[in-house]
file protein_19.cif (mmCIF, C-alpha atoms and all ligand atoms)
data_final
#
loop_
_atom_site.group_PDB
_atom_site.id
_atom_site.type_symbol
_atom_site.label_atom_id
_atom_site.label_comp_id
_atom_site.auth_asym_id
_atom_site.auth_seq_id
_atom_site.Cartn_x
_atom_site.Cartn_y
_atom_site.Cartn_z
ATOM 1 C CA MET S 1 6.387 -0.403 -32.260
ATOM 2 C CA ASP S 2 9.470 1.266 -30.794
ATOM 3 C CA SER S 3 8.594 4.036 -28.297
ATOM 4 C CA ILE S 4 11.606 6.009 -29.546
ATOM 5 C CA ILE S 5 12.532 5.973 -33.218
ATOM 6 C CA ILE S 6 16.016 6.963 -34.306
ATOM 7 C CA GLU S 7 17.209 7.414 -37.873
ATOM 8 C CA ASN S 8 20.105 9.277 -39.410
ATOM 9 C CA LYS S 9 19.574 11.776 -42.206
ATOM 10 C CA GLY S 10 22.895 13.105 -43.427
ATOM 11 C CA ALA S 11 24.828 13.977 -40.268
ATOM 12 C CA VAL S 12 21.651 14.529 -38.198
ATOM 13 C CA ALA S 13 20.211 11.880 -35.855
ATOM 14 C CA ILE S 14 16.444 12.267 -35.823
ATOM 15 C CA ILE S 15 14.930 11.044 -32.559
ATOM 16 C CA LYS S 16 11.136 10.732 -32.496
ATOM 17 C CA LEU S 17 8.994 10.266 -29.388
ATOM 18 C CA ASN S 18 6.608 7.584 -30.594
ATOM 19 C CA ARG S 19 3.583 6.801 -28.415
ATOM 20 C CA PRO S 20 1.194 9.042 -30.354
ATOM 21 C CA GLU S 21 -1.998 7.468 -28.963
ATOM 22 C CA LYS S 22 -0.798 8.453 -25.460
ATOM 23 C CA PHE S 23 0.334 11.913 -26.597
ATOM 24 C CA ASN S 24 3.920 10.630 -26.331
ATOM 25 C CA SER S 25 3.653 10.597 -22.556
ATOM 26 C CA PHE S 26 6.553 8.810 -20.861
ATOM 27 C CA ASN S 27 6.356 5.470 -19.137
ATOM 28 C CA ARG S 28 9.488 3.884 -17.665
ATOM 29 C CA GLU S 29 10.311 1.949 -20.818
ATOM 30 C CA MET S 30 10.115 5.046 -22.982
ATOM 31 C CA ALA S 31 12.243 7.176 -20.630
ATOM 32 C CA LEU S 32 14.979 4.517 -20.527
ATOM 33 C CA ASN S 33 14.694 4.045 -24.289
ATOM 34 C CA LEU S 34 15.190 7.793 -24.860
ATOM 35 C CA GLN S 35 18.335 7.700 -22.696
ATOM 36 C CA GLN S 36 19.662 4.793 -24.784
ATOM 37 C CA LYS S 37 18.877 6.503 -28.099
ATOM 38 C CA LEU S 38 20.566 9.724 -26.921
ATOM 39 C CA ASP S 39 23.638 7.671 -25.969
ATOM 40 C CA ASP S 40 23.620 5.988 -29.393
ATOM 41 C CA ALA S 41 23.500 9.365 -31.156
ATOM 42 C CA ALA S 42 26.195 10.789 -28.864
ATOM 43 C CA LYS S 43 28.551 7.894 -29.655
ATOM 44 C CA ASP S 44 27.905 7.760 -33.410
ATOM 45 C CA ILE S 45 30.770 9.714 -34.990
ATOM 46 C CA LYS S 46 28.746 10.256 -38.174
ATOM 47 C CA VAL S 47 26.184 12.224 -36.133
ATOM 48 C CA ARG S 48 26.953 15.930 -35.704
ATOM 49 C CA CYS S 49 23.539 17.180 -34.567
ATOM 50 C CA ILE S 50 20.551 15.620 -32.782
ATOM 51 C CA TYR S 51 16.986 16.599 -33.718
ATOM 52 C CA ILE S 52 14.198 15.586 -31.307
ATOM 53 C CA THR S 53 10.510 15.737 -32.226
ATOM 54 C CA GLY S 54 7.229 13.920 -31.557
ATOM 55 C CA VAL S 55 5.102 11.626 -33.725
ATOM 56 C CA GLY S 56 1.443 12.595 -34.118
ATOM 57 C CA LYS S 57 -0.440 15.507 -32.577
ATOM 58 C CA ALA S 58 1.625 16.035 -29.425
ATOM 59 C CA PHE S 59 5.289 16.560 -28.647
ATOM 60 C CA SER S 60 4.871 14.938 -25.217
ATOM 61 C CA ALA S 61 2.326 15.148 -22.403
ATOM 62 C CA GLY S 62 5.018 14.374 -19.803
ATOM 63 C CA GLN S 63 4.645 11.492 -17.377
ATOM 64 C CA ASP S 64 2.141 8.805 -18.403
ATOM 65 C CA LEU S 65 -0.245 9.350 -15.519
ATOM 66 C CA ALA S 66 -1.963 5.999 -16.078
ATOM 67 C CA GLU S 67 1.339 4.224 -15.371
ATOM 68 C CA LEU S 68 1.352 5.674 -11.856
ATOM 69 C CA GLN S 69 -1.950 3.992 -11.008
ATOM 70 C CA GLY S 70 -1.167 0.377 -11.794
ATOM 71 C CA GLU S 71 0.323 -2.353 -9.589
ATOM 72 C CA ASN S 72 3.564 -2.103 -11.553
ATOM 73 C CA ALA S 73 3.817 1.637 -11.026
ATOM 74 C CA PRO S 74 7.446 2.740 -10.733
ATOM 75 C CA ALA S 75 8.376 3.929 -7.225
ATOM 76 C CA MET S 76 7.733 7.664 -7.011
ATOM 77 C CA GLU S 77 11.207 8.362 -5.609
ATOM 78 C CA LEU S 78 12.854 6.681 -8.616
ATOM 79 C CA ILE S 79 10.941 8.518 -11.328
ATOM 80 C CA LEU S 80 13.065 11.638 -11.402
ATOM 81 C CA ALA S 81 16.357 9.928 -10.547
ATOM 82 C CA GLU S 82 16.016 7.174 -13.153
ATOM 83 C CA HIS S 83 13.675 8.575 -15.814
ATOM 84 C CA TYR S 84 13.837 12.336 -16.302
ATOM 85 C CA ASN S 85 17.031 13.602 -14.672
ATOM 86 C CA PRO S 86 19.215 11.320 -16.823
ATOM 87 C CA VAL S 87 17.405 12.551 -19.962
ATOM 88 C CA VAL S 88 17.845 16.281 -19.324
ATOM 89 C CA THR S 89 21.405 15.761 -18.051
ATOM 90 C CA ARG S 90 22.282 14.034 -21.308
ATOM 91 C CA ILE S 91 20.682 16.801 -23.376
ATOM 92 C CA ARG S 92 22.832 19.426 -21.614
ATOM 93 C CA GLN S 93 26.026 17.354 -21.616
ATOM 94 C CA ILE S 94 26.133 15.637 -25.010
ATOM 95 C CA GLU S 95 28.905 17.331 -26.962
ATOM 96 C CA LYS S 96 26.759 17.926 -30.036
ATOM 97 C CA PRO S 97 24.072 20.536 -30.700
ATOM 98 C CA ILE S 98 20.533 19.372 -29.924
ATOM 99 C CA VAL S 99 17.489 20.877 -31.627
ATOM 100 C CA CYS S 100 14.061 20.265 -30.150
ATOM 101 C CA ALA S 101 11.288 20.640 -32.722
ATOM 102 C CA VAL S 102 8.067 20.914 -30.729
ATOM 103 C CA ASN S 103 5.362 19.710 -33.098
ATOM 104 C CA GLY S 104 2.386 19.907 -30.700
ATOM 105 C CA VAL S 105 1.543 20.232 -27.035
ATOM 106 C CA ALA S 106 4.482 19.849 -24.625
ATOM 107 C CA ALA S 107 3.272 19.398 -21.054
ATOM 108 C CA GLY S 108 4.906 18.606 -17.710
ATOM 109 C CA ALA S 109 8.213 16.804 -18.096
ATOM 110 C CA GLY S 110 7.578 16.896 -21.859
ATOM 111 C CA ALA S 111 7.811 20.705 -21.804
ATOM 112 C CA ASN S 112 10.924 20.818 -19.665
ATOM 113 C CA ILE S 113 12.758 18.170 -21.677
ATOM 114 C CA ALA S 114 12.091 20.299 -24.775
ATOM 115 C CA LEU S 115 13.140 23.564 -23.115
ATOM 116 C CA CYS S 116 16.585 22.314 -22.105
ATOM 117 C CA ALA S 117 17.683 21.704 -25.709
ATOM 118 C CA ASP S 118 20.240 24.014 -27.330
ATOM 119 C CA ILE S 119 17.721 25.346 -29.835
ATOM 120 C CA VAL S 120 13.975 24.977 -29.302
ATOM 121 C CA VAL S 121 11.558 25.706 -32.150
ATOM 122 C CA ALA S 122 7.845 25.025 -32.426
ATOM 123 C CA ALA S 123 5.001 24.719 -34.886
ATOM 124 C CA GLU S 124 2.436 27.522 -34.581
ATOM 125 C CA SER S 125 -0.135 25.012 -33.283
ATOM 126 C CA ALA S 126 2.200 23.804 -30.512
ATOM 127 C CA SER S 127 1.911 24.893 -26.899
ATOM 128 C CA PHE S 128 3.738 24.604 -23.590
ATOM 129 C CA ILE S 129 2.108 23.730 -20.262
ATOM 130 C CA GLN S 130 3.773 23.507 -16.862
ATOM 131 C CA ALA S 131 1.000 21.065 -15.974
ATOM 132 C CA PHE S 132 2.488 19.957 -12.658
ATOM 133 C CA SER S 133 0.622 22.398 -10.415
ATOM 134 C CA LYS S 134 -2.706 21.103 -11.698
ATOM 135 C CA ILE S 135 -2.022 17.705 -10.121
ATOM 136 C CA GLY S 136 -0.254 18.917 -6.986
ATOM 137 C CA LEU S 137 3.336 18.368 -8.123
ATOM 138 C CA ILE S 138 6.245 20.731 -8.620
ATOM 139 C CA PRO S 139 7.875 21.428 -11.995
ATOM 140 C CA ASP S 140 10.722 18.974 -12.594
ATOM 141 C CA SER S 141 13.094 17.819 -15.341
ATOM 142 C CA GLY S 142 15.128 20.961 -14.717
ATOM 143 C CA GLY S 143 12.172 23.288 -15.278
ATOM 144 C CA THR S 144 12.715 25.345 -12.126
ATOM 145 C CA PHE S 145 16.307 25.910 -13.279
ATOM 146 C CA THR S 146 15.690 26.464 -16.989
ATOM 147 C CA LEU S 147 12.449 28.435 -17.262
ATOM 148 C CA PRO S 148 13.304 31.417 -14.982
ATOM 149 C CA ARG S 149 16.599 31.749 -16.845
ATOM 150 C CA LEU S 150 14.798 31.768 -20.196
ATOM 151 C CA ILE S 151 11.905 34.128 -19.463
ATOM 152 C CA GLY S 152 12.663 35.724 -16.090
ATOM 153 C CA PHE S 153 11.610 34.830 -12.572
ATOM 154 C CA GLN S 154 8.177 36.486 -12.499
ATOM 155 C CA LYS S 155 6.815 35.022 -15.715
ATOM 156 C CA ALA S 156 8.231 31.593 -14.861
ATOM 157 C CA SER S 157 6.697 31.744 -11.403
ATOM 158 C CA ALA S 158 3.254 32.670 -12.759
ATOM 159 C CA ILE S 159 3.320 30.122 -15.574
ATOM 160 C CA MET S 160 4.411 27.360 -13.221
ATOM 161 C CA MET S 161 1.885 28.159 -10.515
ATOM 162 C CA LEU S 162 -1.085 28.751 -12.807
ATOM 163 C CA GLY S 163 -0.254 25.887 -15.165
ATOM 164 C CA GLU S 164 -1.569 27.927 -18.091
ATOM 165 C CA ARG S 165 -1.208 26.799 -21.672
ATOM 166 C CA ILE S 166 1.271 29.087 -23.476
ATOM 167 C CA ASN S 167 0.907 29.041 -27.237
ATOM 168 C CA ALA S 168 3.992 28.862 -29.459
ATOM 169 C CA VAL S 169 3.722 32.470 -30.652
ATOM 170 C CA ASP S 170 3.658 33.789 -27.068
ATOM 171 C CA ALA S 171 6.436 31.362 -26.107
ATOM 172 C CA GLU S 172 8.607 32.858 -28.836
ATOM 173 C CA LYS S 173 7.733 36.437 -27.804
ATOM 174 C CA MET S 174 8.762 35.835 -24.200
ATOM 175 C CA GLY S 175 12.035 34.104 -25.156
ATOM 176 C CA MET S 176 10.976 30.626 -24.053
ATOM 177 C CA ILE S 177 11.789 29.284 -27.527
ATOM 178 C CA TYR S 178 13.906 30.458 -30.459
ATOM 179 C CA LYS S 179 11.379 30.509 -33.312
ATOM 180 C CA VAL S 180 7.912 29.476 -34.337
ATOM 181 C CA PHE S 181 7.162 28.213 -37.842
ATOM 182 C CA THR S 182 3.877 27.813 -39.688
ATOM 183 C CA ASN S 183 2.529 24.263 -39.482
ATOM 184 C CA GLU S 184 3.095 23.851 -43.226
ATOM 185 C CA LYS S 185 6.783 24.824 -43.074
ATOM 186 C CA PHE S 186 7.548 23.496 -39.585
ATOM 187 C CA GLU S 187 9.189 20.189 -40.501
ATOM 188 C CA GLU S 188 11.250 21.654 -43.316
ATOM 189 C CA GLU S 189 12.380 24.784 -41.466
ATOM 190 C CA SER S 190 13.113 23.075 -38.167
ATOM 191 C CA PHE S 191 15.101 20.327 -39.845
ATOM 192 C CA ALA S 192 17.020 22.932 -41.876
ATOM 193 C CA ILE S 193 18.365 24.333 -38.574
ATOM 194 C CA ALA S 194 19.585 20.883 -37.544
ATOM 195 C CA ASN S 195 21.064 20.277 -40.971
ATOM 196 C CA THR S 196 22.946 23.589 -40.875
ATOM 197 C CA LEU S 197 24.340 22.790 -37.421
ATOM 198 C CA SER S 198 25.432 19.348 -38.622
ATOM 199 C CA GLN S 199 27.722 20.958 -41.214
ATOM 200 C CA MET S 200 29.275 23.429 -38.775
ATOM 201 C CA PRO S 201 32.412 23.006 -36.616
ATOM 202 C CA THR S 202 30.997 20.392 -34.216
ATOM 203 C CA ARG S 203 33.705 20.673 -31.588
ATOM 204 C CA GLY S 204 33.470 24.456 -31.545
ATOM 205 C CA LEU S 205 29.723 24.133 -30.981
ATOM 206 C CA ALA S 206 30.341 21.616 -28.183
ATOM 207 C CA PHE S 207 32.740 24.057 -26.499
ATOM 208 C CA THR S 208 30.138 26.823 -26.904
ATOM 209 C CA LYS S 209 27.607 24.570 -25.175
ATOM 210 C CA GLN S 210 30.067 23.859 -22.346
ATOM 211 C CA ALA S 211 30.720 27.596 -21.920
ATOM 212 C CA LEU S 212 26.995 28.375 -21.829
ATOM 213 C CA ASN S 213 26.400 25.594 -19.293
ATOM 214 C CA ALA S 214 29.197 26.960 -17.108
ATOM 215 C CA SER S 215 27.875 30.537 -17.395
ATOM 216 C CA LEU S 216 24.744 29.509 -15.485
ATOM 217 C CA GLN S 217 26.805 29.209 -12.305
ATOM 218 C CA ASN S 218 29.981 31.225 -12.824
ATOM 219 C CA ASP S 219 30.808 34.792 -11.885
ATOM 220 C CA PHE S 220 32.211 37.007 -14.655
ATOM 221 C CA ILE S 221 35.909 36.486 -13.937
ATOM 222 C CA THR S 222 35.553 32.707 -13.619
ATOM 223 C CA GLN S 223 33.614 32.683 -16.875
ATOM 224 C CA LEU S 224 36.353 34.642 -18.657
ATOM 225 C CA LYS S 225 38.805 31.930 -17.563
ATOM 226 C CA LYS S 226 36.436 29.284 -18.876
ATOM 227 C CA GLU S 227 36.234 31.050 -22.247
ATOM 228 C CA ASP S 228 40.020 31.245 -22.322
ATOM 229 C CA GLU S 229 40.350 27.507 -21.665
ATOM 230 C CA LEU S 230 37.698 26.518 -24.216
ATOM 231 C CA GLN S 231 38.881 28.988 -26.860
ATOM 232 C CA SER S 232 42.324 27.372 -26.748
ATOM 233 C CA LYS S 233 40.701 23.991 -27.329
ATOM 234 C CA ALA S 234 38.591 25.369 -30.192
ATOM 235 C CA ALA S 235 41.654 26.969 -31.787
ATOM 236 C CA ALA S 236 43.380 23.566 -31.768
ATOM 237 C CA THR S 237 40.685 21.946 -33.951
ATOM 238 C CA THR S 238 41.071 21.124 -37.633
ATOM 239 C CA ASP S 239 37.783 22.909 -38.321
ATOM 240 C CA TYR S 240 39.184 26.189 -36.970
ATOM 241 C CA ALA S 241 42.202 25.892 -39.287
ATOM 242 C CA GLU S 242 39.829 25.177 -42.187
ATOM 243 C CA GLY S 243 37.542 28.089 -41.256
ATOM 244 C CA VAL S 244 40.374 30.622 -41.356
ATOM 245 C CA LYS S 245 41.976 29.110 -44.480
ATOM 246 C CA ALA S 246 38.649 29.164 -46.362
ATOM 247 C CA PHE S 247 38.084 32.795 -45.366
ATOM 248 C CA ILE S 248 41.513 33.843 -46.678
ATOM 249 C CA GLU S 249 41.001 31.834 -49.874
ATOM 250 C CA LYS S 250 37.497 33.343 -50.294
ATOM 251 C CA ARG S 251 35.768 29.960 -50.504
ATOM 252 C CA ILE S 252 33.119 28.096 -48.529
ATOM 253 C CA PRO S 253 34.708 26.111 -45.685
ATOM 254 C CA ILE S 254 34.307 22.356 -45.482
ATOM 255 C CA PHE S 255 34.044 21.416 -41.823
ATOM 256 C CA LYS S 256 34.510 17.826 -40.744
ATOM 257 C CA GLY S 257 33.563 18.061 -37.084
ATOM 258 C CA GLN S 258 37.150 17.538 -35.938
HETATM 259 C C1 LIG S 301 -2.277 11.023 -21.463
HETATM 260 C C2 LIG S 301 -1.495 12.032 -20.870
HETATM 261 C C3 LIG S 301 -0.650 11.696 -19.801
HETATM 262 C C4 LIG S 301 -1.432 9.515 -19.972
HETATM 263 C C5 LIG S 301 -2.632 12.912 -22.452
HETATM 264 N N1 LIG S 301 -0.660 10.426 -19.386
HETATM 265 N N2 LIG S 301 -2.245 9.761 -21.009
HETATM 266 C C6 LIG S 301 7.338 13.577 -12.368
HETATM 267 C C7 LIG S 301 7.378 13.023 -11.046
HETATM 268 C C8 LIG S 301 6.539 11.965 -10.690
HETATM 269 C C9 LIG S 301 5.374 11.656 -11.160
HETATM 270 C C10 LIG S 301 4.641 12.350 -12.125
HETATM 271 O O1 LIG S 301 5.240 12.952 -13.196
HETATM 272 C C11 LIG S 301 6.349 13.634 -13.271
HETATM 273 C C12 LIG S 301 6.549 14.436 -14.458
HETATM 274 C C13 LIG S 301 5.318 14.995 -15.140
HETATM 275 O O2 LIG S 301 5.352 15.101 -16.351
HETATM 276 S S1 LIG S 301 3.953 15.467 -14.238
HETATM 277 C C14 LIG S 301 2.831 16.120 -15.463
HETATM 278 C C15 LIG S 301 2.127 15.013 -16.217
HETATM 279 N N3 LIG S 301 1.355 15.522 -17.328
HETATM 280 C C16 LIG S 301 0.188 16.110 -17.209
HETATM 281 O O3 LIG S 301 -0.326 16.338 -16.134
HETATM 282 C C17 LIG S 301 -0.515 16.467 -18.488
HETATM 283 C C18 LIG S 301 -1.807 15.685 -18.625
HETATM 284 N N4 LIG S 301 -2.433 15.902 -19.922
HETATM 285 C C19 LIG S 301 -3.130 17.005 -20.218
HETATM 286 O O4 LIG S 301 -3.240 17.931 -19.438
HETATM 287 C C20 LIG S 301 -3.766 17.055 -21.563
HETATM 288 O O5 LIG S 301 -3.924 15.740 -22.032
HETATM 289 C C21 LIG S 301 -2.958 17.865 -22.590
HETATM 290 C C22 LIG S 301 -3.020 19.349 -22.209
HETATM 291 C C23 LIG S 301 -1.500 17.420 -22.683
HETATM 292 C C24 LIG S 301 -3.587 17.708 -23.999
HETATM 293 O O6 LIG S 301 -4.964 18.025 -23.935
HETATM 294 P P1 LIG S 301 -5.943 17.672 -25.147
HETATM 295 O O7 LIG S 301 -5.369 18.181 -26.416
HETATM 296 O O8 LIG S 301 -7.300 18.117 -24.756
HETATM 297 O O9 LIG S 301 -5.872 16.061 -25.279
HETATM 298 P P2 LIG S 301 -6.511 14.965 -24.296
HETATM 299 O O10 LIG S 301 -6.491 15.414 -22.895
HETATM 300 O O11 LIG S 301 -7.814 14.523 -24.863
HETATM 301 O O12 LIG S 301 -5.439 13.772 -24.440
HETATM 302 C C25 LIG S 301 -5.360 12.956 -25.627
HETATM 303 C C26 LIG S 301 -5.104 11.544 -25.218
HETATM 304 O O13 LIG S 301 -3.790 11.446 -24.629
HETATM 305 C C27 LIG S 301 -6.088 11.048 -24.166
HETATM 306 O O14 LIG S 301 -6.283 9.677 -24.373
HETATM 307 P P3 LIG S 301 -7.716 9.110 -24.886
HETATM 308 O O15 LIG S 301 -7.520 7.623 -24.912
HETATM 309 O O16 LIG S 301 -8.742 9.589 -23.916
HETATM 310 O O17 LIG S 301 -7.880 9.736 -26.261
HETATM 311 C C28 LIG S 301 -5.340 11.273 -22.874
HETATM 312 O O18 LIG S 301 -5.765 10.458 -21.832
HETATM 313 C C29 LIG S 301 -3.917 10.938 -23.297
HETATM 314 N N5 LIG S 301 -2.952 11.622 -22.439
HETATM 315 N N6 LIG S 301 -1.752 13.201 -21.507
HETATM 316 N N7 LIG S 301 0.172 12.599 -19.222
#

call {"tool": "encode", "arguments": {"input": "protein_19.cif", "output": "structure tokens"}}
result
Amino acid sequence: MDSIIIENKGAVAIIKLNRPEKFNSFNREMALNLQQKLDDAAKDIKVRCIYITGVGKAFSAGQDLAELQGENAPAMELILAEHYNPVVTRIRQIEKPIVCAVNGVAAGAGANIALCADIVVAAESASFIQAFSKIGLIPDSGGTFTLPRLIGFQKASAIMMLGERINAVDAEKMGMIYKVFTNEKFEEESFAIANTLSQMPTRGLAFTKQALNASLQNDFITQLKKEDELQSKAAATTDYAEGVKAFIEKRIPIFKGQ
């Protein structure tokens, strides 16, 4: 059984975390496998959106804590550098939109991997736990960068220190995630977002992602320059020409991701 399943549906690569009996917690193999599958989807020119979800009840319970106990436990100092940092770096840098569809509990690194996607949605039964404090660790996988920017410093600080379970409805209310869907409609509605993105101007979306990434560090004037640079690139795409032409001709545009 592959710990990470990947399949293409239309122009969407569906990536599924697949260790359901372990709540999709990450061991070394699974973390490296996810990096490989993200690379495969990034390289595949037929793929114009990546959709990440979990198999079974959980999205991911973060690090497989049992793995840390055994004789073959990965060295603590390599876990972030080799397992989680390369995953979240890829999610922010891949030049395609990434939707994270949180189907169940997302804890520890599992929560922070989800929260760094471009669009994060959840089923109403899902929840988010910054579980690290409960075992004496600090939030990782970019959590200390991402969460205060999503929900503000105070709420992030409290949630990270207390390690409380935040349900999907509250997560939506506080801006941690984009939307919550009923359990019945979750798969359909969350995939519809990915499908829509996969038909949109892919390069324009990639430039948007680059601009948003840059905005996290830039001052206003530097960011205006960044927008200028990226807007010129967007305006040079075939999809931009098609978008304007279709508008003038009063028809639906057909974007090719170029
Ligand atoms: C698990 C896990 C799990 C193994 C559930 N491991 N089996 C970075 C730096 C270096 C080192 C450490 O890690 C990190 C990054 C991190 O992610 S640290 C944070 C690690 N994660 C956690 O501390 C979360 C631990 N899990 C939980 O708190 C609960 O299991 C949650 C809240 C996720 C779910 O609770 P319940 O719905 O009550 O389910 P459960 O506790 O009964 O778990 C179901 C099964 O999944 C169970 O197995 P079993 O064989 O007894 O049915 C658990 O042992 C297993 N599982 N999380 N992280």

call {"tool": "atom_distance", "arguments": {"input": "protein_19.cif", "atom1": "atom C3 of ligand LIG 301 (chain S)", "atom2": "CA of Met176 (chain S)"}}
result
22.6 Å

call {"tool": "residues_around", "arguments": {"input": "protein_19.cif", "residues": "Glu184 (chain S)", "least_positions_apart": "5", "cutoff": "12 Å", "atoms": "only C-alpha atoms", "output": "number ranges by chain"}}
result
S: 103, 122-125, 189-190

call {"tool": "closest_residue", "arguments": {"input": "protein_19.cif", "among": "S:Glu164, S:Glu7, S:Glu227, S:Glu95", "to": "Tyr51 (chain S)", "atoms": "only C-alpha atoms"}}
result
S:Glu7

call {"tool": "residues_near_ligand", "arguments": {"input": "protein_19.cif", "ligand": "ligand LIG 301 (chain S)", "cutoff": "10 Å", "atoms": "all atoms listed in the file", "output": "ChimeraX atom specification"}}
result
/S:19-27,57-68,74-81,83-85,104-113,127-141,163-165

call {"tool": "resolve_selection", "arguments": {"input": "protein_19.cif", "expression": "the PyMOL selection byres (((chain S and resi 144-156) around 8) and not hetatm)", "output": "PyMOL selection string"}}
result
chain S and resi 112+115-116+139-140+142-143+157-160+174-176

call {"tool": "closest_residue", "arguments": {"input": "protein_19.cif", "among": "S:Thr53, S:Gln93, S:Thr182, S:Asn33", "to": "Ala206 (chain S)", "atoms": "all atoms listed in the file"}}
result
S:Gln93

call {"tool": "atom_distance", "arguments": {"input": "protein_19.cif", "atom1": "CA of Phe247 (chain S)", "atom2": "CA of Ala235 (chain S)"}}
result
15.2 Å

call {"tool": "residues_around", "arguments": {"input": "protein_19.cif", "residues": "Asp2 (chain S)", "least_positions_apart": "4", "cutoff": "10 Å", "atoms": "all atoms listed in the file", "output": "list in words"}}
result
Ile6, Lys16, Leu17, Asn18, Arg19, Met30 and Asn33 of chain S

call {"tool": "atom_distance", "arguments": {"input": "protein_19.cif", "atom1": "CA of Cys100 (chain S)", "atom2": "CA of Gln217 (chain S)"}}
result
23.7 Å

call {"tool": "closest_residue", "arguments": {"input": "protein_19.cif", "among": "S:Ala73, S:Asp219, S:Lys185, S:Val87", "to": "Leu32 (chain S)", "atoms": "all atoms listed in the file"}}
result
S:Val87

call {"tool": "residues_around", "arguments": {"input": "protein_19.cif", "residues": "region 239-241 of chain S", "least_positions_apart": "5", "cutoff": "6 Å", "atoms": "all atoms listed in the file", "output": "NGL selection string"}}
result
:S and (201 or 255 or 258)

call {"tool": "residues_around", "arguments": {"input": "protein_19.cif", "residues": "Asn195 (chain S)", "least_positions_apart": "4", "cutoff": "10 Å", "atoms": "all atoms listed in the file", "output": "VMD selection string"}}
result
chain S and resid 9 to 13 48 to 51 189 to 191 199 to 200

call {"tool": "residues_around", "arguments": {"input": "protein_19.cif", "residues": "Ile252 (chain S)", "least_positions_apart": "6", "cutoff": "12 Å", "atoms": "all atoms listed in the file", "output": "short mmCIF file (atom, residue, chain, number, x, y, z; two decimals) with C-alpha atoms, keeping the file's coordinate frame"}}
result
data_model
loop_
_atom_site.label_atom_id
_atom_site.label_comp_id
_atom_site.auth_asym_id
_atom_site.auth_seq_id
_atom_site.Cartn_x
_atom_site.Cartn_y
_atom_site.Cartn_z
CA GLN S 199 27.72 20.96 -41.21
CA MET S 200 29.28 23.43 -38.78
CA GLU S 242 39.83 25.18 -42.19
CA GLY S 243 37.54 28.09 -41.26
CA VAL S 244 40.37 30.62 -41.36
CA LYS S 245 41.98 29.11 -44.48
CA ALA S 246 38.65 29.16 -46.36
#

call {"tool": "resolve_selection", "arguments": {"input": "protein_19.cif", "expression": "the PyMOL selection byres (((chain S and resi 97) around 9) and not hetatm)", "output": "PyMOL selection string"}}
result
chain S and resi 48-51+91+94-96+98-99+117-119+194+197-198+202+205-206+209

call {"tool": "closest_residue", "arguments": {"input": "protein_19.cif", "among": "S:Lys256, S:Arg28, S:Lys43, S:Lys226", "to": "Arg203 (chain S)", "atoms": "all atoms listed in the file"}}
result
S:Lys256

call {"tool": "closest_residue", "arguments": {"input": "protein_19.cif", "among": "S:Ile5, S:Val121, S:Gly204, S:Ala214", "to": "Val169 (chain S)", "atoms": "all atoms listed in the file"}}
result
S:Val121
